[in-house]
$ cat start-v1.pdb   # PDB, N, CA and C atoms and all ligand atoms
MODEL        1
ATOM      1  N   MET A   1     -59.659  24.149  68.944
ATOM      2  CA  MET A   1     -58.301  23.672  69.270
ATOM      3  C   MET A   1     -58.373  22.683  70.443
ATOM      4  N   ALA A   2     -57.698  21.598  70.291
ATOM      5  CA  ALA A   2     -57.691  20.610  71.372
ATOM      6  C   ALA A   2     -56.279  20.084  71.578
ATOM      7  N   LYS A   3     -55.937  19.911  72.833
ATOM      8  CA  LYS A   3     -54.643  19.300  73.152
ATOM      9  C   LYS A   3     -54.864  17.784  73.129
ATOM     10  N   ILE A   4     -54.130  17.125  72.275
ATOM     11  CA  ILE A   4     -54.311  15.676  72.130
ATOM     12  C   ILE A   4     -53.015  14.970  72.491
ATOM     13  N   THR A   5     -53.135  13.925  73.283
ATOM     14  CA  THR A   5     -51.967  13.125  73.652
ATOM     15  C   THR A   5     -51.969  11.851  72.821
ATOM     16  N   TYR A   6     -50.916  11.685  72.037
ATOM     17  CA  TYR A   6     -50.723  10.474  71.247
ATOM     18  C   TYR A   6     -49.651   9.655  71.962
ATOM     19  N   ILE A   7     -49.939   8.396  72.227
ATOM     20  CA  ILE A   7     -48.963   7.557  72.936
ATOM     21  C   ILE A   7     -48.547   6.409  72.024
ATOM     22  N   GLU A   8     -47.270   6.387  71.713
ATOM     23  CA  GLU A   8     -46.743   5.312  70.864
ATOM     24  C   GLU A   8     -46.793   3.996  71.629
ATOM     25  N   HIS A   9     -46.665   2.896  70.894
ATOM     26  CA  HIS A   9     -46.698   1.595  71.560
ATOM     27  C   HIS A   9     -45.574   1.473  72.592
ATOM     28  N   SER A  10     -44.487   2.176  72.364
ATOM     29  CA  SER A  10     -43.356   2.146  73.313
ATOM     30  C   SER A  10     -43.630   2.996  74.557
ATOM     31  N   ASN A  11     -44.799   3.622  74.594
ATOM     32  CA  ASN A  11     -45.217   4.519  75.684
ATOM     33  C   ASN A  11     -44.688   5.934  75.554
ATOM     34  N   LYS A  12     -44.005   6.213  74.465
ATOM     35  CA  LYS A  12     -43.548   7.589  74.251
ATOM     36  C   LYS A  12     -44.754   8.478  73.958
ATOM     37  N   LYS A  13     -44.843   9.575  74.702
ATOM     38  CA  LYS A  13     -46.005  10.470  74.571
ATOM     39  C   LYS A  13     -45.696  11.690  73.732
ATOM     40  N   HIS A  14     -46.678  12.110  72.964
ATOM     41  CA  HIS A  14     -46.575  13.355  72.192
ATOM     42  C   HIS A  14     -47.831  14.159  72.493
ATOM     43  N   VAL A  15     -47.680  15.331  73.042
ATOM     44  CA  VAL A  15     -48.843  16.175  73.334
ATOM     45  C   VAL A  15     -48.840  17.322  72.324
ATOM     46  N   ILE A  16     -49.899  17.387  71.527
ATOM     47  CA  ILE A  16     -49.955  18.323  70.404
ATOM     48  C   ILE A  16     -51.259  19.111  70.455
ATOM     49  N   GLU A  17     -51.184  20.379  70.091
ATOM     50  CA  GLU A  17     -52.409  21.168  69.935
ATOM     51  C   GLU A  17     -52.867  21.017  68.486
ATOM     52  N   VAL A  18     -54.079  20.568  68.311
ATOM     53  CA  VAL A  18     -54.598  20.334  66.961
ATOM     54  C   VAL A  18     -55.800  21.257  66.726
ATOM     55  N   SER A  19     -55.815  21.896  65.566
ATOM     56  CA  SER A  19     -56.885  22.848  65.247
ATOM     57  C   SER A  19     -58.204  22.132  64.992
ATOM     58  N   ASN A  20     -59.273  22.823  65.332
ATOM     59  CA  ASN A  20     -60.607  22.294  65.041
ATOM     60  C   ASN A  20     -60.759  22.075  63.537
ATOM     61  N   GLY A  21     -61.474  21.023  63.206
ATOM     62  CA  GLY A  21     -61.736  20.754  61.799
ATOM     63  C   GLY A  21     -60.747  19.776  61.196
ATOM     64  N   LEU A  22     -59.563  19.679  61.790
ATOM     65  CA  LEU A  22     -58.632  18.645  61.325
ATOM     66  C   LEU A  22     -59.076  17.325  61.946
ATOM     67  N   SER A  23     -58.585  16.230  61.393
ATOM     68  CA  SER A  23     -58.857  14.946  62.043
ATOM     69  C   SER A  23     -57.716  14.647  63.009
ATOM     70  N   VAL A  24     -57.964  13.713  63.896
ATOM     71  CA  VAL A  24     -56.905  13.289  64.838
ATOM     72  C   VAL A  24     -55.723  12.729  64.044
ATOM     73  N   MET A  25     -56.018  12.049  62.937
ATOM     74  CA  MET A  25     -54.955  11.547  62.048
ATOM     75  C   MET A  25     -54.141  12.709  61.473
ATOM     76  N   GLU A  26     -54.815  13.725  60.954
ATOM     77  CA  GLU A  26     -54.083  14.857  60.350
ATOM     78  C   GLU A  26     -53.205  15.558  61.379
ATOM     79  N   GLY A  27     -53.693  15.657  62.604
ATOM     80  CA  GLY A  27     -52.886  16.253  63.670
ATOM     81  C   GLY A  27     -51.585  15.482  63.865
ATOM     82  N   ALA A  28     -51.662  14.175  63.786
ATOM     83  CA  ALA A  28     -50.471  13.342  63.952
ATOM     84  C   ALA A  28     -49.525  13.480  62.758
ATOM     85  N   VAL A  29     -50.086  13.390  61.560
ATOM     86  CA  VAL A  29     -49.256  13.437  60.347
ATOM     87  C   VAL A  29     -48.548  14.796  60.229
ATOM     88  N   GLN A  30     -49.276  15.863  60.498
ATOM     89  CA  GLN A  30     -48.681  17.210  60.369
ATOM     90  C   GLN A  30     -47.583  17.464  61.396
ATOM     91  N   ASN A  31     -47.584  16.671  62.446
ATOM     92  CA  ASN A  31     -46.573  16.853  63.490
ATOM     93  C   ASN A  31     -45.567  15.703  63.544
ATOM     94  N   ASP A  32     -45.549  14.908  62.464
ATOM     95  CA  ASP A  32     -44.584  13.805  62.337
ATOM     96  C   ASP A  32     -44.592  12.845  63.518
ATOM     97  N   ILE A  33     -45.765  12.523  63.980
ATOM     98  CA  ILE A  33     -45.846  11.572  65.087
ATOM     99  C   ILE A  33     -45.771  10.154  64.528
ATOM    100  N   PRO A  34     -44.815   9.369  64.986
ATOM    101  CA  PRO A  34     -44.700   8.004  64.459
ATOM    102  C   PRO A  34     -45.872   7.138  64.901
ATOM    103  N   GLY A  35     -46.246   6.189  64.068
ATOM    104  CA  GLY A  35     -47.289   5.244  64.465
ATOM    105  C   GLY A  35     -48.613   5.485  63.783
ATOM    106  N   ILE A  36     -48.749   6.620  63.106
ATOM    107  CA  ILE A  36     -49.965   6.869  62.322
ATOM    108  C   ILE A  36     -49.511   7.200  60.909
ATOM    109  N   ASP A  37     -49.526   6.174  60.046
ATOM    110  CA  ASP A  37     -49.010   6.362  58.689
ATOM    111  C   ASP A  37     -50.042   6.961  57.748
ATOM    112  N   ALA A  38     -51.295   6.594  57.953
ATOM    113  CA  ALA A  38     -52.392   7.145  57.141
ATOM    114  C   ALA A  38     -52.117   6.998  55.646
ATOM    115  N   ASP A  39     -51.829   5.776  55.240
ATOM    116  CA  ASP A  39     -51.461   5.509  53.842
ATOM    117  C   ASP A  39     -52.514   5.953  52.830
ATOM    118  N   CYS A  40     -53.771   5.901  53.205
ATOM    119  CA  CYS A  40     -54.820   6.246  52.224
ATOM    120  C   CYS A  40     -55.206   7.715  52.291
ATOM    121  N   GLY A  41     -54.584   8.472  53.170
ATOM    122  CA  GLY A  41     -54.856   9.909  53.238
ATOM    123  C   GLY A  41     -56.190  10.261  53.870
ATOM    124  N   GLY A  42     -56.809   9.307  54.537
ATOM    125  CA  GLY A  42     -58.044   9.618  55.259
ATOM    126  C   GLY A  42     -59.300   9.167  54.566
ATOM    127  N   SER A  43     -59.166   8.313  53.545
ATOM    128  CA  SER A  43     -60.371   7.882  52.837
ATOM    129  C   SER A  43     -60.899   6.542  53.340
ATOM    130  N   MET A  44     -60.472   6.151  54.525
ATOM    131  CA  MET A  44     -60.993   4.959  55.194
ATOM    132  C   MET A  44     -60.735   3.684  54.396
ATOM    133  N   ALA A  45     -59.530   3.582  53.874
ATOM    134  CA  ALA A  45     -59.212   2.420  53.048
ATOM    135  C   ALA A  45     -57.924   1.727  53.462
ATOM    136  N   CYS A  46     -57.355   2.083  54.609
ATOM    137  CA  CYS A  46     -56.064   1.459  54.925
ATOM    138  C   CYS A  46     -55.946   0.965  56.370
ATOM    139  N   ALA A  47     -56.579   1.632  57.294
ATOM    140  CA  ALA A  47     -56.516   1.292  58.727
ATOM    141  C   ALA A  47     -55.131   1.489  59.341
ATOM    142  N   THR A  48     -54.248   2.203  58.653
ATOM    143  CA  THR A  48     -52.943   2.485  59.259
ATOM    144  C   THR A  48     -53.005   3.719  60.167
ATOM    145  N   CYS A  49     -54.211   4.202  60.382
ATOM    146  CA  CYS A  49     -54.415   5.314  61.320
ATOM    147  C   CYS A  49     -55.171   4.826  62.553
ATOM    148  N   HIS A  50     -55.221   3.504  62.707
ATOM    149  CA  HIS A  50     -55.947   2.886  63.833
ATOM    150  C   HIS A  50     -55.363   3.339  65.167
ATOM    151  N   VAL A  51     -56.259   3.704  66.076
ATOM    152  CA  VAL A  51     -55.826   4.061  67.443
ATOM    153  C   VAL A  51     -56.795   3.437  68.447
ATOM    154  N   TYR A  52     -56.299   3.311  69.672
ATOM    155  CA  TYR A  52     -57.155   2.934  70.793
ATOM    156  C   TYR A  52     -57.442   4.214  71.569
ATOM    157  N   VAL A  53     -58.711   4.569  71.617
ATOM    158  CA  VAL A  53     -59.111   5.787  72.326
ATOM    159  C   VAL A  53     -59.211   5.460  73.816
ATOM    160  N   GLU A  54     -58.690   6.347  74.645
ATOM    161  CA  GLU A  54     -58.795   6.117  76.093
ATOM    162  C   GLU A  54     -60.280   6.008  76.457
ATOM    163  N   GLU A  55     -60.587   5.055  77.305
ATOM    164  CA  GLU A  55     -61.983   4.696  77.575
ATOM    165  C   GLU A  55     -62.876   5.898  77.909
ATOM    166  N   LYS A  56     -62.396   6.779  78.756
ATOM    167  CA  LYS A  56     -63.285   7.868  79.198
ATOM    168  C   LYS A  56     -63.633   8.835  78.062
ATOM    169  N   TRP A  57     -62.884   8.763  76.981
ATOM    170  CA  TRP A  57     -63.153   9.641  75.843
ATOM    171  C   TRP A  57     -64.026   8.998  74.780
ATOM    172  N   PHE A  58     -64.125   7.686  74.847
ATOM    173  CA  PHE A  58     -64.721   6.962  73.720
ATOM    174  C   PHE A  58     -66.137   7.450  73.393
ATOM    175  N   ASN A  59     -66.940   7.682  74.405
ATOM    176  CA  ASN A  59     -68.328   8.111  74.147
ATOM    177  C   ASN A  59     -68.460   9.599  73.903
ATOM    178  N   LYS A  60     -67.356  10.322  74.011
ATOM    179  CA  LYS A  60     -67.428  11.769  73.769
ATOM    180  C   LYS A  60     -67.110  12.119  72.317
ATOM    181  N   ILE A  61     -66.605  11.156  71.583
ATOM    182  CA  ILE A  61     -66.300  11.442  70.184
ATOM    183  C   ILE A  61     -67.452  10.979  69.292
ATOM    184  N   GLU A  62     -67.488  11.532  68.083
ATOM    185  CA  GLU A  62     -68.575  11.159  67.170
ATOM    186  C   GLU A  62     -68.615   9.649  66.999
ATOM    187  N   LYS A  63     -69.820   9.162  66.780
ATOM    188  CA  LYS A  63     -69.976   7.716  66.571
ATOM    189  C   LYS A  63     -69.329   7.307  65.243
ATOM    190  N   LYS A  64     -69.056   6.026  65.142
ATOM    191  CA  LYS A  64     -68.468   5.518  63.899
ATOM    192  C   LYS A  64     -69.443   5.667  62.752
ATOM    193  N   GLY A  65     -68.927   6.098  61.636
ATOM    194  CA  GLY A  65     -69.767   6.204  60.443
ATOM    195  C   GLY A  65     -69.807   4.865  59.720
ATOM    196  N   GLU A  66     -70.604   4.845  58.674
ATOM    197  CA  GLU A  66     -70.727   3.630  57.881
ATOM    198  C   GLU A  66     -69.368   3.243  57.292
ATOM    199  N   GLY A  67     -69.028   2.022  57.389
ATOM    200  CA  GLY A  67     -67.775   1.562  56.791
ATOM    201  C   GLY A  67     -66.606   1.533  57.759
ATOM    202  N   GLU A  68     -66.650   2.341  58.788
ATOM    203  CA  GLU A  68     -65.496   2.357  59.702
ATOM    204  C   GLU A  68     -65.349   1.028  60.439
ATOM    205  N   GLU A  69     -66.483   0.492  60.861
ATOM    206  CA  GLU A  69     -66.441  -0.797  61.571
ATOM    207  C   GLU A  69     -65.822  -1.875  60.683
ATOM    208  N   ASP A  70     -66.221  -1.884  59.398
ATOM    209  CA  ASP A  70     -65.686  -2.897  58.469
ATOM    210  C   ASP A  70     -64.183  -2.744  58.320
ATOM    211  N   MET A  71     -63.734  -1.503  58.222
ATOM    212  CA  MET A  71     -62.292  -1.287  58.052
ATOM    213  C   MET A  71     -61.547  -1.651  59.344
ATOM    214  N   LEU A  72     -62.170  -1.369  60.480
ATOM    215  CA  LEU A  72     -61.521  -1.730  61.748
ATOM    216  C   LEU A  72     -61.382  -3.244  61.900
ATOM    217  N   ASP A  73     -62.334  -3.983  61.321
ATOM    218  CA  ASP A  73     -62.230  -5.441  61.373
ATOM    219  C   ASP A  73     -60.963  -5.929  60.687
ATOM    220  N   MET A  74     -60.473  -5.135  59.746
ATOM    221  CA  MET A  74     -59.250  -5.521  59.021
ATOM    222  C   MET A  74     -57.995  -4.930  59.673
ATOM    223  N   ALA A  75     -58.182  -4.125  60.677
ATOM    224  CA  ALA A  75     -57.036  -3.507  61.354
ATOM    225  C   ALA A  75     -56.330  -4.531  62.232
ATOM    226  N   TYR A  76     -55.131  -4.202  62.634
ATOM    227  CA  TYR A  76     -54.354  -5.084  63.501
ATOM    228  C   TYR A  76     -54.901  -5.003  64.929
ATOM    229  N   GLU A  77     -55.297  -6.144  65.469
ATOM    230  CA  GLU A  77     -55.789  -6.242  66.844
ATOM    231  C   GLU A  77     -56.791  -5.156  67.240
ATOM    232  N   PRO A  78     -57.928  -5.120  66.549
ATOM    233  CA  PRO A  78     -58.943  -4.156  66.985
ATOM    234  C   PRO A  78     -59.470  -4.525  68.372
ATOM    235  N   LYS A  79     -59.794  -3.508  69.140
ATOM    236  CA  LYS A  79     -60.326  -3.722  70.487
ATOM    237  C   LYS A  79     -61.583  -2.880  70.655
ATOM    238  N   LYS A  80     -62.160  -2.984  71.852
ATOM    239  CA  LYS A  80     -63.426  -2.298  72.132
ATOM    240  C   LYS A  80     -63.357  -0.791  71.851
ATOM    241  N   PHE A  81     -62.244  -0.192  72.142
ATOM    242  CA  PHE A  81     -62.157   1.264  71.999
ATOM    243  C   PHE A  81     -61.338   1.687  70.780
ATOM    244  N   SER A  82     -61.315   0.809  69.781
ATOM    245  CA  SER A  82     -60.609   1.125  68.529
ATOM    246  C   SER A  82     -61.379   2.146  67.705
ATOM    247  N   ARG A  83     -60.658   3.040  67.074
ATOM    248  CA  ARG A  83     -61.225   3.956  66.079
ATOM    249  C   ARG A  83     -60.186   4.192  64.990
ATOM    250  N   LEU A  84     -60.688   4.653  63.844
ATOM    251  CA  LEU A  84     -59.780   5.145  62.809
ATOM    252  C   LEU A  84     -59.603   6.634  63.094
ATOM    253  N   SER A  85     -58.368   7.049  63.314
ATOM    254  CA  SER A  85     -58.166   8.447  63.730
ATOM    255  C   SER A  85     -58.509   9.436  62.613
ATOM    256  N   CYS A  86     -58.571   8.948  61.357
ATOM    257  CA  CYS A  86     -58.958   9.857  60.269
ATOM    258  C   CYS A  86     -60.442  10.175  60.312
ATOM    259  N   GLN A  87     -61.184   9.441  61.114
ATOM    260  CA  GLN A  87     -62.635   9.655  61.185
ATOM    261  C   GLN A  87     -63.047  10.416  62.448
ATOM    262  N   ILE A  88     -62.069  10.922  63.183
ATOM    263  CA  ILE A  88     -62.387  11.700  64.391
ATOM    264  C   ILE A  88     -62.032  13.149  64.108
ATOM    265  N   SER A  89     -63.062  14.002  64.060
ATOM    266  CA  SER A  89     -62.830  15.430  63.821
ATOM    267  C   SER A  89     -62.540  16.129  65.149
ATOM    268  N   VAL A  90     -61.545  16.977  65.106
ATOM    269  CA  VAL A  90     -61.145  17.692  66.321
ATOM    270  C   VAL A  90     -62.098  18.864  66.572
ATOM    271  N   THR A  91     -62.543  18.961  67.819
ATOM    272  CA  THR A  91     -63.366  20.088  68.285
ATOM    273  C   THR A  91     -62.834  20.487  69.665
ATOM    274  N   ASP A  92     -63.292  21.634  70.154
ATOM    275  CA  ASP A  92     -62.877  22.059  71.500
ATOM    276  C   ASP A  92     -63.233  21.005  72.548
ATOM    277  N   GLU A  93     -64.302  20.293  72.308
ATOM    278  CA  GLU A  93     -64.754  19.295  73.289
ATOM    279  C   GLU A  93     -63.754  18.151  73.444
ATOM    280  N   LEU A  94     -62.878  18.003  72.479
ATOM    281  CA  LEU A  94     -61.898  16.904  72.570
ATOM    282  C   LEU A  94     -60.602  17.340  73.242
ATOM    283  N   ASN A  95     -60.599  18.512  73.852
ATOM    284  CA  ASN A  95     -59.389  18.972  74.546
ATOM    285  C   ASN A  95     -59.043  17.990  75.666
ATOM    286  N   GLY A  96     -57.868  17.375  75.577
ATOM    287  CA  GLY A  96     -57.460  16.392  76.579
ATOM    288  C   GLY A  96     -57.532  14.951  76.082
ATOM    289  N   LEU A  97     -58.018  14.776  74.853
ATOM    290  CA  LEU A  97     -58.147  13.423  74.279
ATOM    291  C   LEU A  97     -56.813  12.658  74.325
ATOM    292  N   VAL A  98     -56.917  11.376  74.636
ATOM    293  CA  VAL A  98     -55.731  10.523  74.666
ATOM    294  C   VAL A  98     -55.967   9.325  73.747
ATOM    295  N   VAL A  99     -55.044   9.091  72.823
ATOM    296  CA  VAL A  99     -55.125   7.914  71.946
ATOM    297  C   VAL A  99     -53.786   7.168  71.972
ATOM    298  N   ARG A 100     -53.883   5.871  71.842
ATOM    299  CA  ARG A 100     -52.673   5.027  71.833
ATOM    300  C   ARG A 100     -52.570   4.307  70.493
ATOM    301  N   MET A 101     -51.354   4.128  70.051
ATOM    302  CA  MET A 101     -51.159   3.429  68.799
ATOM    303  C   MET A 101     -50.923   1.930  69.044
ATOM    304  N   PRO A 102     -51.462   1.095  68.155
ATOM    305  CA  PRO A 102     -51.261  -0.349  68.290
ATOM    306  C   PRO A 102     -49.793  -0.750  68.072
ATOM    307  N   LYS A 103     -49.506  -1.924  68.556
ATOM    308  CA  LYS A 103     -48.130  -2.464  68.479
ATOM    309  C   LYS A 103     -47.577  -2.464  67.051
ATOM    310  N   LYS A 104     -48.415  -2.866  66.105
ATOM    311  CA  LYS A 104     -47.931  -3.014  64.734
ATOM    312  C   LYS A 104     -47.545  -1.665  64.122
ATOM    313  N   GLN A 105     -48.142  -0.593  64.604
ATOM    314  CA  GLN A 105     -47.858   0.737  64.048
ATOM    315  C   GLN A 105     -46.727   1.388  64.828
ATOM    316  N   ALA A 106     -45.642   0.674  64.961
ATOM    317  CA  ALA A 106     -44.525   1.214  65.740
ATOM    318  C   ALA A 106     -43.411   1.635  64.799
TER     319      ALA A 106
HETATM  320  S1  LIG B 201     -55.966   7.097  56.939
HETATM  321 FE1  LIG B 201     -56.489   5.292  55.924
HETATM  322  S2  LIG B 201     -58.156   4.539  57.041
HETATM  323 FE2  LIG B 201     -57.600   6.345  58.100
ENDMDL
END
$ encode --input "start-v1.pdb" --output "structure tokens"
Amino acid sequence: MAKITYIEHSNKKHVIEVSNGLSVMEGAVQNDIPGIDADCGGSMACATCHVYVEEKWFNKIEKKGEGEEDMLDMAYEPKKFSRLSCQISVTDELNGLVVRMPKKQA
């Protein structure tokens, strides 16, 4: 279980407890958090789950798998700390994780 802070582009914060084994995307969708649409359901084909991971957390999450970088290239305004939230599995180690949603996902 990890407490995850999702911050909308408007700066509205949502702090949610997400169970281990779910993805950061699933935590958002199950709690109706705006800004993460996840149109493809987590199969890495839409990039509507794009988030900016807070810098101090970026190296604590699993590395990007094959294909994620390519999909991020198609995302809106990818940055250094961009990830697809459907590719981040929640573990106890991610307790306190902070992610922000891009402007377009408002
Ligand atoms: S939900 Fe579609 S790429 Fe993550």
$ residues_near_ligand --input "start-v1.pdb" --ligand "ligand LIG 201 (chain B)" --cutoff "5 Å" --atoms "all atoms listed in the file" --output "compact mmCIF listing (two decimals) with N, CA and C atoms, keeping the file's coordinate frame"
# COMPACT_ATOMS: atom_id res chain seq x y z
N ALA A 38 -51.30 6.59 57.95
CA ALA A 38 -52.39 7.14 57.14
C ALA A 38 -52.12 7.00 55.65
N ASP A 39 -51.83 5.78 55.24
CA ASP A 39 -51.46 5.51 53.84
C ASP A 39 -52.51 5.95 52.83
N CYS A 40 -53.77 5.90 53.20
CA CYS A 40 -54.82 6.25 52.22
C CYS A 40 -55.21 7.72 52.29
N GLY A 41 -54.58 8.47 53.17
CA GLY A 41 -54.86 9.91 53.24
C GLY A 41 -56.19 10.26 53.87
N GLY A 42 -56.81 9.31 54.54
CA GLY A 42 -58.04 9.62 55.26
C GLY A 42 -59.30 9.17 54.57
N SER A 43 -59.17 8.31 53.54
CA SER A 43 -60.37 7.88 52.84
C SER A 43 -60.90 6.54 53.34
N MET A 44 -60.47 6.15 54.52
CA MET A 44 -60.99 4.96 55.19
C MET A 44 -60.74 3.68 54.40
N ALA A 45 -59.53 3.58 53.87
CA ALA A 45 -59.21 2.42 53.05
C ALA A 45 -57.92 1.73 53.46
N CYS A 46 -57.36 2.08 54.61
CA CYS A 46 -56.06 1.46 54.92
C CYS A 46 -55.95 0.96 56.37
N ALA A 47 -56.58 1.63 57.29
CA ALA A 47 -56.52 1.29 58.73
C ALA A 47 -55.13 1.49 59.34
N THR A 48 -54.25 2.20 58.65
CA THR A 48 -52.94 2.48 59.26
C THR A 48 -53.00 3.72 60.17
N CYS A 49 -54.21 4.20 60.38
CA CYS A 49 -54.42 5.31 61.32
C CYS A 49 -55.17 4.83 62.55
N CYS A 86 -58.57 8.95 61.36
CA CYS A 86 -58.96 9.86 60.27
C CYS A 86 -60.44 10.18 60.31
$ select_by_dssp --input "start-v1.pdb" --residues "segment 10-95 of chain A" --states "alpha helix (DSSP H)" --output "VMD selection string"
chain A and resid 24 to 30 55 to 58 68 to 73
$ write_last_selection --input "start-v1.pdb" --atoms "N, CA and C atoms" --output "compact mmCIF listing (two decimals), keeping the file's coordinate frame"
# COMPACT_ATOMS: atom_id res chain seq x y z
N VAL A 24 -57.96 13.71 63.90
CA VAL A 24 -56.90 13.29 64.84
C VAL A 24 -55.72 12.73 64.04
N MET A 25 -56.02 12.05 62.94
CA MET A 25 -54.96 11.55 62.05
C MET A 25 -54.14 12.71 61.47
N GLU A 26 -54.82 13.72 60.95
CA GLU A 26 -54.08 14.86 60.35
C GLU A 26 -53.20 15.56 61.38
N GLY A 27 -53.69 15.66 62.60
CA GLY A 27 -52.89 16.25 63.67
C GLY A 27 -51.58 15.48 63.86
N ALA A 28 -51.66 14.18 63.79
CA ALA A 28 -50.47 13.34 63.95
C ALA A 28 -49.52 13.48 62.76
N VAL A 29 -50.09 13.39 61.56
CA VAL A 29 -49.26 13.44 60.35
C VAL A 29 -48.55 14.80 60.23
N GLN A 30 -49.28 15.86 60.50
CA GLN A 30 -48.68 17.21 60.37
C GLN A 30 -47.58 17.46 61.40
N GLU A 55 -60.59 5.06 77.31
CA GLU A 55 -61.98 4.70 77.58
C GLU A 55 -62.88 5.90 77.91
N LYS A 56 -62.40 6.78 78.76
CA LYS A 56 -63.28 7.87 79.20
C LYS A 56 -63.63 8.84 78.06
N TRP A 57 -62.88 8.76 76.98
CA TRP A 57 -63.15 9.64 75.84
C TRP A 57 -64.03 9.00 74.78
N PHE A 58 -64.12 7.69 74.85
CA PHE A 58 -64.72 6.96 73.72
C PHE A 58 -66.14 7.45 73.39
N GLU A 68 -66.65 2.34 58.79
CA GLU A 68 -65.50 2.36 59.70
C GLU A 68 -65.35 1.03 60.44
N GLU A 69 -66.48 0.49 60.86
CA GLU A 69 -66.44 -0.80 61.57
C GLU A 69 -65.82 -1.88 60.68
N ASP A 70 -66.22 -1.88 59.40
CA ASP A 70 -65.69 -2.90 58.47
C ASP A 70 -64.18 -2.74 58.32
N MET A 71 -63.73 -1.50 58.22
CA MET A 71 -62.29 -1.29 58.05
C MET A 71 -61.55 -1.65 59.34
N LEU A 72 -62.17 -1.37 60.48
CA LEU A 72 -61.52 -1.73 61.75
C LEU A 72 -61.38 -3.24 61.90
N ASP A 73 -62.33 -3.98 61.32
CA ASP A 73 -62.23 -5.44 61.37
C ASP A 73 -60.96 -5.93 60.69
$ atom_distance --input "start-v1.pdb" --atom1 "atom CA of Lys60 of chain A" --atom2 "atom CA of Phe81 of chain A"
11.9 Å
$ resolve_selection --input "start-v1.pdb" --expression "the PyMOL selection byres (((chain A and resi 90-100) around 6) and not hetatm)" --output "PyMOL selection string"
chain A and resi 1-8+19-24+51-54+88-89+101-102
$ select_by_dssp --input "start-v1.pdb" --residues "chain A" --states "strand (DSSP E or B)" --output "PyMOL selection string"
chain A and resi 2-7+13-18+23+50-53+82-84+89+98-100
$ atom_distance --input "start-v1.pdb" --atom1 "atom CA of Met25 of chain A" --atom2 "atom CA of Gly67 of chain A"
17.1 Å
$ atom_distance --input "start-v1.pdb" --atom1 "atom N of Asn59 of chain A" --atom2 "atom CA of Lys79 of chain A"
13.8 Å
$ resolve_selection --input "start-v1.pdb" --expression "the PyMOL selection byres (((chain A and resi 105 and name CA) around 8) and not hetatm and name CA)" --output "list in words"
His9, Pro34, Gly35, Ile36, Asp37, Thr48, Met101, Pro102, Lys103, Lys104 and Ala106 of chain A
$ write_last_selection --input "start-v1.pdb" --atoms "N, CA and C atoms" --output "CSV table (one decimal), in the coordinates of the input"
chain,number,residue,atom,x,y,z
A,9,HIS,N,-46.7,2.9,70.9
A,9,HIS,CA,-46.7,1.6,71.6
A,9,HIS,C,-45.6,1.5,72.6
A,34,PRO,N,-44.8,9.4,65.0
A,34,PRO,CA,-44.7,8.0,64.5
A,34,PRO,C,-45.9,7.1,64.9
A,35,GLY,N,-46.2,6.2,64.1
A,35,GLY,CA,-47.3,5.2,64.5
A,35,GLY,C,-48.6,5.5,63.8
A,36,ILE,N,-48.7,6.6,63.1
A,36,ILE,CA,-50.0,6.9,62.3
A,36,ILE,C,-49.5,7.2,60.9
A,37,ASP,N,-49.5,6.2,60.0
A,37,ASP,CA,-49.0,6.4,58.7
A,37,ASP,C,-50.0,7.0,57.7
A,48,THR,N,-54.2,2.2,58.7
A,48,THR,CA,-52.9,2.5,59.3
A,48,THR,C,-53.0,3.7,60.2
A,101,MET,N,-51.4,4.1,70.1
A,101,MET,CA,-51.2,3.4,68.8
A,101,MET,C,-50.9,1.9,69.0
A,102,PRO,N,-51.5,1.1,68.2
A,102,PRO,CA,-51.3,-0.3,68.3
A,102,PRO,C,-49.8,-0.8,68.1
A,103,LYS,N,-49.5,-1.9,68.6
A,103,LYS,CA,-48.1,-2.5,68.5
A,103,LYS,C,-47.6,-2.5,67.1
A,104,LYS,N,-48.4,-2.9,66.1
A,104,LYS,CA,-47.9,-3.0,64.7
A,104,LYS,C,-47.5,-1.7,64.1
A,106,ALA,N,-45.6,0.7,65.0
A,106,ALA,CA,-44.5,1.2,65.7
A,106,ALA,C,-43.4,1.6,64.8
$ closest_residue --input "start-v1.pdb" --among "A:Glu68, A:Val15, A:His50, A:Pro78" --to "Ile33 of chain A" --atoms "only C-alpha atoms"
A:Val15
